[in-house]
Amino acid sequence: MKKIKFVIRLSLPFIAVIISNLVYYLVKDNGKQKEMAHPYYLYFLYLIAAVILIEYIIAIFNEKIRKRIIYKTPFLTGIIVFLLLLNYITTKTLLLPTLYFPSLDRIIGLIVEQRVFLIHNILDSLGLLLEGFLWGVTVGFLTGLALGYFKKVGYWLNPVTKAIGPIPTTAWIPLALSTFPTTHSANVFLIAFAVWFPVTLMTSSGIQGIGQVNFEVAGTLGASTIYQILHVAIPAAMPSIFLGVFYGTVSSFATLMAVEMNGNSSGIGWYINWQKSVMMYDGVYAGLILIAVICSLSLTILFKVRDKVLIWQKGVIKW
Amino acid sequence: MVGEITINNVYKSFKSLDPSKEDTLALNGVDLKIEPGSFVSLIGPSGCGKSTLLRIIGGLDKATSGELFLDGNKIIKPGSDRGFAFQGSNLFPWLTVEKNIAFGLKARHIYKKEKEEVQKFVDLVGLKGFEKSYPHQLSGGMQQRASLARALVGHPSVLLLDEPLGALDAFTRMTLQDEILKIWKQNNMTMLMVTHDVDEAIYMSDKVVVMSARPSKVEEIIDIDLPRPRARAQDTFQQYRTRILDVLNLGGKIEEVEYYL
């Protein structure tokens, strides 16, 4: 009995894929959606099914993956069922206006057919994001360190930081675009600014929160001031610094979209805006999906790094 | 033998930022000489400034006036010639036991030369097998051992102990007292310990320095003439305890009780 239940649970995603197929071919279309050359939606389902199948095979040999698979199967099935409903509503009924709600075939097909152009835009966005992010983290870390460690610097500059920092980055766009020599440098500045403030704030408050006794211990062990900064202040503030980098990353995404939609001529944000203006909503959805993937992946990478660096910490935020 | 501490007429007052309040005088002319290689305890009512004195010797605080010397050299700042064991272990949570112990050697850029000292002290404090553990994975007693090893690995001539065992339970405390004595004997060093436990002071010390309430001075220095190793349940303990408590005015009196029928 237990075994049968287990087999049913594992085959749920495949049953969902089969039902999706049946609905796709057997239920009559509403005839309003643009026909695509290939059934891309079904291809996508096959891709999911293939990945699941490969994982099953690996799971035979690996117990850790087996547990994860068994845990995840209902959720994966849920995704497939959700796509099935979405596809049914958009292609088989007229419940939603087809202009704003294109079929999955069209969205997925667009990503596949325009992949070269899209990758070009993704790389543009990622390049800009990375450049701004690195500047923001570097400058933010250094200002935070100075504000947090040197009391005099903190006394004079903390109020300045507190006044400038909370201004929403988007409010700087008009000024930045007119004062910077190139649009690119203005964009880098704006993204860097978005990252800078949370990193500064969390670095300095992290350092200020370190118990004095840590520095005293280091001093009695013969550590110089520089050694104390590098080997006590920074590692002790690291959990807080990472939190700042996390906030900064999230706000850098928002800023990236804002600058790309304002006066840029490439990037995913620009692409979405352009597709909207020519009434190609399949492109808008494709862009949103790509942004979701990029942002989520960036955060995953960030948290992986965090887990490595902060291995000594108990109890951390889950991602 | 090195490790001689001389304290000449040390005053310490804590300045108040509020101009309407007077500065607090904590140490009121402390004179003390600590023989090299001896084990000395500082005891006194809470808030009397014994920890302040220890911190000044460690270079963590500055004396308002007066001078302190270690083997004839004036003490002005912390130095690796004086190890300091703080209340609570205060291990760096981001470093493993091994790296915590190696911290001082690395900070002084002598780690390459004295690498094997780390393992020696890990073994000495009985933490073999826990080298790669992080502090939060250790019990309180083990953390304190690691902390002692960290303070000792650079071979200071003096170890200053600021109620190092205060946060531990009674049994762990006794075990660690014995370990500190073992380390003291093996390393030929001076140990100066602040404690509020009279029995601990008698059990461990050559001399017990009793300090008065704030503003504080050395009230009396009591030599503990007991052979080592000592037994905690010795009768002579009682005499020393009575004497120390009398100096502290905590001895109490047995009232003559009058009975009425």
# chains A, B, ... in the order shown; residues from 1 in each chain; ligands from 1

$ select_by_dssp --residues "stretch 71-317 of chain A" --states "alpha helix (DSSP H)" --output "ChimeraX atom specification"
/A:71-87,104-113,115-149,151-164,173-179,183-208,212-220,225-228,234-261,268-277,281-309

$ interface_residues --of "chain B" --to "chain A" --cutoff "6 Å" --atoms "only C-alpha atoms" --output "PyMOL selection string"
chain B and resi 78-80+94+104+107

$ residues_around --residues "B:Gly88" --least-positions-apart "4" --cutoff "12 Å" --atoms "only C-alpha atoms" --output "CSV table (one decimal) with N, CA and C atoms, in the first residue's frame"
chain,number,residue,atom,x,y,z
A,213,VAL,N,35.1,44.4,24.0
A,213,VAL,CA,36.0,43.4,24.6
A,213,VAL,C,36.8,42.7,23.5
A,214,ASN,N,36.1,42.5,22.3
A,214,ASN,CA,36.8,41.9,21.2
A,214,ASN,C,38.1,42.6,20.8
A,217,VAL,N,40.7,42.1,23.6
A,217,VAL,CA,41.3,40.8,23.5
A,217,VAL,C,42.4,40.9,22.5
B,84,PHE,N,46.0,38.2,29.0
B,84,PHE,CA,44.8,38.6,29.7
B,84,PHE,C,43.7,37.6,29.5
B,92,PHE,N,36.7,34.5,19.6
B,92,PHE,CA,36.2,35.1,18.3
B,92,PHE,C,35.3,34.1,17.7
B,139,SER,N,31.3,23.6,25.0
B,139,SER,CA,30.6,24.0,26.3
B,139,SER,C,31.3,25.2,26.9
B,140,GLY,N,30.7,25.8,27.9
B,140,GLY,CA,31.3,26.9,28.5
B,140,GLY,C,32.7,26.7,29.1
B,141,GLY,N,32.9,25.5,29.7
B,141,GLY,CA,34.2,25.2,30.3
B,141,GLY,C,35.3,25.1,29.2
B,142,MET,N,34.9,24.4,28.1
B,142,MET,CA,35.8,24.2,27.0
B,142,MET,C,36.2,25.6,26.3
B,143,GLN,N,35.2,26.5,26.2
B,143,GLN,CA,35.4,27.8,25.7
B,143,GLN,C,36.5,28.5,26.5
B,144,GLN,N,36.3,28.4,27.9
B,144,GLN,CA,37.2,29.0,28.8
B,144,GLN,C,38.6,28.4,28.6
B,145,ARG,N,38.7,27.1,28.4
B,145,ARG,CA,40.0,26.5,28.2
B,145,ARG,C,40.7,27.1,27.0
B,146,ALA,N,39.9,27.1,25.9
B,146,ALA,CA,40.5,27.7,24.6
B,146,ALA,C,40.9,29.1,24.8
B,147,SER,N,40.1,29.8,25.6
B,147,SER,CA,40.5,31.2,25.8
B,147,SER,C,41.8,31.3,26.6
B,148,LEU,N,42.0,30.4,27.6
B,148,LEU,CA,43.2,30.4,28.4
B,148,LEU,C,44.4,30.1,27.4
B,161,LEU,N,44.2,37.5,35.2
B,161,LEU,CA,42.9,36.8,35.1
B,161,LEU,C,41.8,37.6,35.7
B,162,ASP,N,40.8,38.0,34.9
B,162,ASP,CA,39.7,38.8,35.5
B,162,ASP,C,38.5,38.0,35.7
B,163,GLU,N,38.4,37.5,36.9
B,163,GLU,CA,37.3,36.5,37.2
B,163,GLU,C,37.0,35.5,36.1
B,164,PRO,N,38.0,34.8,35.7
B,164,PRO,CA,37.9,34.0,34.5
B,164,PRO,C,36.9,32.9,34.6
B,165,LEU,N,36.7,32.5,35.8
B,165,LEU,CA,35.8,31.3,36.0
B,165,LEU,C,34.4,31.7,36.5
B,166,GLY,N,34.2,33.0,36.6
B,166,GLY,CA,32.9,33.4,37.2
B,166,GLY,C,31.7,32.9,36.6
B,167,ALA,N,31.7,32.6,35.3
B,167,ALA,CA,30.5,32.3,34.6
B,167,ALA,C,30.3,30.8,34.6
B,168,LEU,N,31.1,30.0,35.2
B,168,LEU,CA,31.0,28.6,35.1
B,168,LEU,C,30.3,27.9,36.3

$ residues_around --residues "stretch 235-252 of chain B" --least-positions-apart "5" --cutoff "12 Å" --atoms "only C-alpha atoms" --output "PDB file with N, CA and C atoms, in the first residue's frame"
ATOM      1  N   SER B  41      46.119  36.662  44.266  1.00  0.00           N
ATOM      2  CA  SER B  41      44.715  36.967  44.005  1.00  0.00           C
ATOM      3  C   SER B  41      44.376  38.342  44.536  1.00  0.00           C
ATOM      4  N   LEU B  42      43.517  39.046  43.795  1.00  0.00           N
ATOM      5  CA  LEU B  42      42.988  40.323  44.265  1.00  0.00           C
ATOM      6  C   LEU B  42      41.551  40.086  44.663  1.00  0.00           C
ATOM      7  N   ILE B  43      41.218  40.466  45.877  1.00  0.00           N
ATOM      8  CA  ILE B  43      39.850  40.232  46.333  1.00  0.00           C
ATOM      9  C   ILE B  43      39.359  41.506  47.012  1.00  0.00           C
ATOM     10  N   GLY B  44      38.087  41.740  46.954  1.00  0.00           N
ATOM     11  CA  GLY B  44      37.563  42.959  47.562  1.00  0.00           C
ATOM     12  C   GLY B  44      36.086  43.093  47.258  1.00  0.00           C
ATOM     13  N   PRO B  45      35.418  44.039  47.947  1.00  0.00           N
ATOM     14  CA  PRO B  45      33.984  44.210  47.712  1.00  0.00           C
ATOM     15  C   PRO B  45      33.718  44.563  46.247  1.00  0.00           C
ATOM     16  N   SER B  46      32.523  44.256  45.766  1.00  0.00           N
ATOM     17  CA  SER B  46      32.272  44.476  44.340  1.00  0.00           C
ATOM     18  C   SER B  46      32.278  45.976  44.061  1.00  0.00           C
ATOM     19  N   CYS B  48      35.034  47.678  43.786  1.00  0.00           N
ATOM     20  CA  CYS B  48      36.120  48.332  44.500  1.00  0.00           C
ATOM     21  C   CYS B  48      37.267  48.710  43.590  1.00  0.00           C
ATOM     22  N   HIS B 196      36.026  36.930  43.212  1.00  0.00           N
ATOM     23  CA  HIS B 196      35.181  37.301  44.344  1.00  0.00           C
ATOM     24  C   HIS B 196      34.867  36.079  45.185  1.00  0.00           C
ATOM     25  N   ASP B 197      35.630  35.029  44.901  1.00  0.00           N
ATOM     26  CA  ASP B 197      35.408  33.773  45.604  1.00  0.00           C
ATOM     27  C   ASP B 197      36.578  33.572  46.578  1.00  0.00           C
ATOM     28  N   VAL B 198      36.296  33.710  47.879  1.00  0.00           N
ATOM     29  CA  VAL B 198      37.353  33.643  48.893  1.00  0.00           C
ATOM     30  C   VAL B 198      38.049  32.284  48.857  1.00  0.00           C
ATOM     31  N   ASP B 199      37.266  31.219  48.738  1.00  0.00           N
ATOM     32  CA  ASP B 199      37.859  29.881  48.728  1.00  0.00           C
ATOM     33  C   ASP B 199      38.791  29.694  47.535  1.00  0.00           C
ATOM     34  N   GLU B 200      38.364  30.213  46.404  1.00  0.00           N
ATOM     35  CA  GLU B 200      39.188  30.105  45.200  1.00  0.00           C
ATOM     36  C   GLU B 200      40.520  30.811  45.427  1.00  0.00           C
ATOM     37  N   ALA B 201      40.448  31.984  46.031  1.00  0.00           N
ATOM     38  CA  ALA B 201      41.667  32.755  46.294  1.00  0.00           C
ATOM     39  C   ALA B 201      42.604  31.986  47.215  1.00  0.00           C
ATOM     40  N   ILE B 202      42.057  31.405  48.273  1.00  0.00           N
ATOM     41  CA  ILE B 202      42.912  30.675  49.225  1.00  0.00           C
ATOM     42  C   ILE B 202      43.486  29.424  48.569  1.00  0.00           C
ATOM     43  N   TYR B 203      42.646  28.732  47.821  1.00  0.00           N
ATOM     44  CA  TYR B 203      43.076  27.464  47.220  1.00  0.00           C
ATOM     45  C   TYR B 203      44.211  27.679  46.227  1.00  0.00           C
ATOM     46  N   MET B 204      44.173  28.799  45.500  1.00  0.00           N
ATOM     47  CA  MET B 204      45.099  28.949  44.399  1.00  0.00           C
ATOM     48  C   MET B 204      46.332  29.808  44.696  1.00  0.00           C
ATOM     49  N   SER B 205      46.233  30.713  45.671  1.00  0.00           N
ATOM     50  CA  SER B 205      47.246  31.775  45.714  1.00  0.00           C
ATOM     51  C   SER B 205      48.380  31.553  46.694  1.00  0.00           C
ATOM     52  N   LYS B 207      49.635  34.576  47.685  1.00  0.00           N
ATOM     53  CA  LYS B 207      49.254  35.755  48.456  1.00  0.00           C
ATOM     54  C   LYS B 207      47.861  36.193  48.048  1.00  0.00           C
ATOM     55  N   VAL B 208      47.094  36.642  49.032  1.00  0.00           N
ATOM     56  CA  VAL B 208      45.794  37.207  48.728  1.00  0.00           C
ATOM     57  C   VAL B 208      45.845  38.686  49.084  1.00  0.00           C
ATOM     58  N   VAL B 209      45.601  39.533  48.073  1.00  0.00           N
ATOM     59  CA  VAL B 209      45.600  40.969  48.309  1.00  0.00           C
ATOM     60  C   VAL B 209      44.161  41.406  48.533  1.00  0.00           C
ATOM     61  N   VAL B 210      43.866  41.882  49.742  1.00  0.00           N
ATOM     62  CA  VAL B 210      42.501  42.307  50.049  1.00  0.00           C
ATOM     63  C   VAL B 210      42.417  43.801  49.841  1.00  0.00           C
ATOM     64  N   MET B 211      41.458  44.232  49.022  1.00  0.00           N
ATOM     65  CA  MET B 211      41.316  45.655  48.746  1.00  0.00           C
ATOM     66  C   MET B 211      40.097  46.213  49.463  1.00  0.00           C
ATOM     67  N   SER B 212      40.174  47.501  49.798  1.00  0.00           N
ATOM     68  CA  SER B 212      39.064  48.122  50.512  1.00  0.00           C
ATOM     69  C   SER B 212      38.013  48.590  49.524  1.00  0.00           C
ATOM     70  N   ALA B 213      36.855  49.031  50.046  1.00  0.00           N
ATOM     71  CA  ALA B 213      35.802  49.547  49.179  1.00  0.00           C
ATOM     72  C   ALA B 213      36.251  50.854  48.537  1.00  0.00           C
ATOM     73  N   VAL B 218      45.101  49.038  48.927  1.00  0.00           N
ATOM     74  CA  VAL B 218      45.410  47.700  49.412  1.00  0.00           C
ATOM     75  C   VAL B 218      45.187  47.706  50.916  1.00  0.00           C
ATOM     76  N   GLU B 219      44.271  46.895  51.388  1.00  0.00           N
ATOM     77  CA  GLU B 219      43.913  46.877  52.799  1.00  0.00           C
ATOM     78  C   GLU B 219      44.892  45.980  53.561  1.00  0.00           C
ATOM     79  N   GLU B 220      45.105  44.799  53.001  1.00  0.00           N
ATOM     80  CA  GLU B 220      45.997  43.862  53.673  1.00  0.00           C
ATOM     81  C   GLU B 220      46.467  42.805  52.676  1.00  0.00           C
ATOM     82  N   ILE B 221      47.698  42.337  52.881  1.00  0.00           N
ATOM     83  CA  ILE B 221      48.204  41.256  52.038  1.00  0.00           C
ATOM     84  C   ILE B 221      48.380  40.028  52.921  1.00  0.00           C
ATOM     85  N   ILE B 222      47.701  38.968  52.586  1.00  0.00           N
ATOM     86  CA  ILE B 222      47.714  37.773  53.427  1.00  0.00           C
ATOM     87  C   ILE B 222      48.495  36.670  52.724  1.00  0.00           C
ATOM     88  N   ASP B 223      49.550  36.197  53.363  1.00  0.00           N
ATOM     89  CA  ASP B 223      50.317  35.087  52.797  1.00  0.00           C
ATOM     90  C   ASP B 223      49.608  33.784  53.081  1.00  0.00           C
ATOM     91  N   ILE B 224      49.450  32.973  52.070  1.00  0.00           N
ATOM     92  CA  ILE B 224      48.828  31.663  52.284  1.00  0.00           C
ATOM     93  C   ILE B 224      49.967  30.643  52.379  1.00  0.00           C
ATOM     94  N   ASP B 225      50.309  30.284  53.620  1.00  0.00           N
ATOM     95  CA  ASP B 225      51.436  29.366  53.799  1.00  0.00           C
ATOM     96  C   ASP B 225      50.966  27.926  53.855  1.00  0.00           C
ATOM     97  N   LEU B 226      50.414  27.479  52.774  1.00  0.00           N
ATOM     98  CA  LEU B 226      49.969  26.078  52.722  1.00  0.00           C
ATOM     99  C   LEU B 226      50.783  25.369  51.658  1.00  0.00           C
ATOM    100  N   PRO B 227      51.198  24.144  51.946  1.00  0.00           N
ATOM    101  CA  PRO B 227      51.959  23.417  50.915  1.00  0.00           C
ATOM    102  C   PRO B 227      51.057  23.081  49.733  1.00  0.00           C
ATOM    103  N   ARG B 230      47.189  21.511  47.308  1.00  0.00           N
ATOM    104  CA  ARG B 230      46.340  21.734  48.470  1.00  0.00           C
ATOM    105  C   ARG B 230      45.058  20.920  48.355  1.00  0.00           C
TER     106      ARG B 230
END

$ closest_residue --among "B:Leu192, B:Thr6, B:Gly126, B:Pro93" --to "B:Val40" --atoms "only C-alpha atoms"
B:Leu192

$ closest_residue --among "A:Ser11, A:Asn21, A:Thr255, A:Thr169" --to "A:Ile70" --atoms "only C-alpha atoms"
A:Ser11

$ residues_around --residues "A:Leu86" --least-positions-apart "4" --cutoff "12 Å" --atoms "only C-alpha atoms" --output "JSON, numbers by chain"
{"A": [20, 23, 24, 41, 79, 80, 81, 82, 90, 91, 92, 93, 95, 96, 101, 102, 103, 104, 105]}

$ decode --residues "stretch 216-284 of chain A" --atoms "C-alpha atoms" --output "short mmCIF file (atom, residue, chain, number, x, y, z; two decimals), in the first residue's frame"
data_model
loop_
_atom_site.label_atom_id
_atom_site.label_comp_id
_atom_site.auth_asym_id
_atom_site.auth_seq_id
_atom_site.Cartn_x
_atom_site.Cartn_y
_atom_site.Cartn_z
CA GLU A 216 40.66 44.50 23.95
CA VAL A 217 41.32 40.79 23.53
CA ALA A 218 43.04 41.47 20.21
CA GLY A 219 45.07 44.28 21.79
CA THR A 220 46.32 42.13 24.65
CA LEU A 221 47.33 39.50 22.08
CA GLY A 222 49.55 42.06 20.39
CA ALA A 223 47.37 43.04 17.40
CA SER A 224 48.01 46.43 15.78
CA THR A 225 45.15 48.76 14.82
CA ILE A 226 45.24 47.68 11.17
CA TYR A 227 45.31 44.04 12.20
CA GLN A 228 42.32 44.68 14.47
CA ILE A 229 40.37 46.29 11.62
CA LEU A 230 41.13 43.46 9.22
CA HIS A 231 40.83 40.54 11.60
CA VAL A 232 38.32 41.66 14.21
CA ALA A 233 36.16 44.54 12.96
CA ILE A 234 35.49 43.20 9.47
CA PRO A 235 34.84 39.53 10.27
CA ALA A 236 32.71 40.42 13.29
CA ALA A 237 30.63 42.83 11.19
CA MET A 238 30.36 40.40 8.28
CA PRO A 239 26.82 39.13 9.06
CA SER A 240 25.58 42.70 9.10
CA ILE A 241 27.59 43.62 5.99
CA PHE A 242 25.99 40.76 4.09
CA LEU A 243 22.58 41.95 5.12
CA GLY A 244 23.47 45.35 3.68
CA VAL A 245 24.70 43.77 0.45
CA PHE A 246 21.44 41.82 0.26
CA TYR A 247 19.30 44.97 0.64
CA GLY A 248 21.58 46.73 -1.82
CA THR A 249 21.23 43.98 -4.39
CA VAL A 250 17.45 44.06 -4.19
CA SER A 251 17.37 47.83 -4.63
CA SER A 252 19.91 47.60 -7.46
CA PHE A 253 17.39 45.51 -9.43
CA ALA A 254 14.77 48.20 -9.04
CA THR A 255 17.22 50.88 -10.07
CA LEU A 256 18.41 48.84 -13.05
CA MET A 257 14.86 48.65 -14.38
CA ALA A 258 14.25 52.33 -13.72
CA VAL A 259 17.36 53.50 -15.57
CA GLU A 260 16.84 51.08 -18.45
CA MET A 261 13.30 52.28 -18.95
CA ASN A 262 14.51 55.92 -18.85
CA GLY A 263 16.63 56.85 -21.83
CA ASN A 264 18.47 53.58 -22.34
CA SER A 265 18.58 51.79 -25.69
CA SER A 266 19.39 48.27 -24.58
CA GLY A 267 18.90 45.93 -21.65
CA ILE A 268 15.99 43.89 -20.42
CA GLY A 269 14.23 46.87 -18.86
CA TRP A 270 14.41 48.74 -22.16
CA TYR A 271 13.20 45.63 -24.00
CA ILE A 272 10.08 45.35 -21.83
CA ASN A 273 9.28 49.02 -22.33
CA TRP A 274 9.80 48.78 -26.08
CA GLN A 275 7.67 45.65 -26.42
CA LYS A 276 4.89 47.34 -24.47
CA SER A 277 4.99 50.39 -26.71
CA VAL A 278 4.54 48.21 -29.81
CA MET A 279 1.75 46.26 -28.07
CA MET A 280 3.75 43.01 -28.04
CA TYR A 281 2.73 41.69 -24.66
CA ASP A 282 4.32 38.30 -25.23
CA GLY A 283 7.64 40.19 -25.21
CA VAL A 284 6.72 41.93 -21.97
#
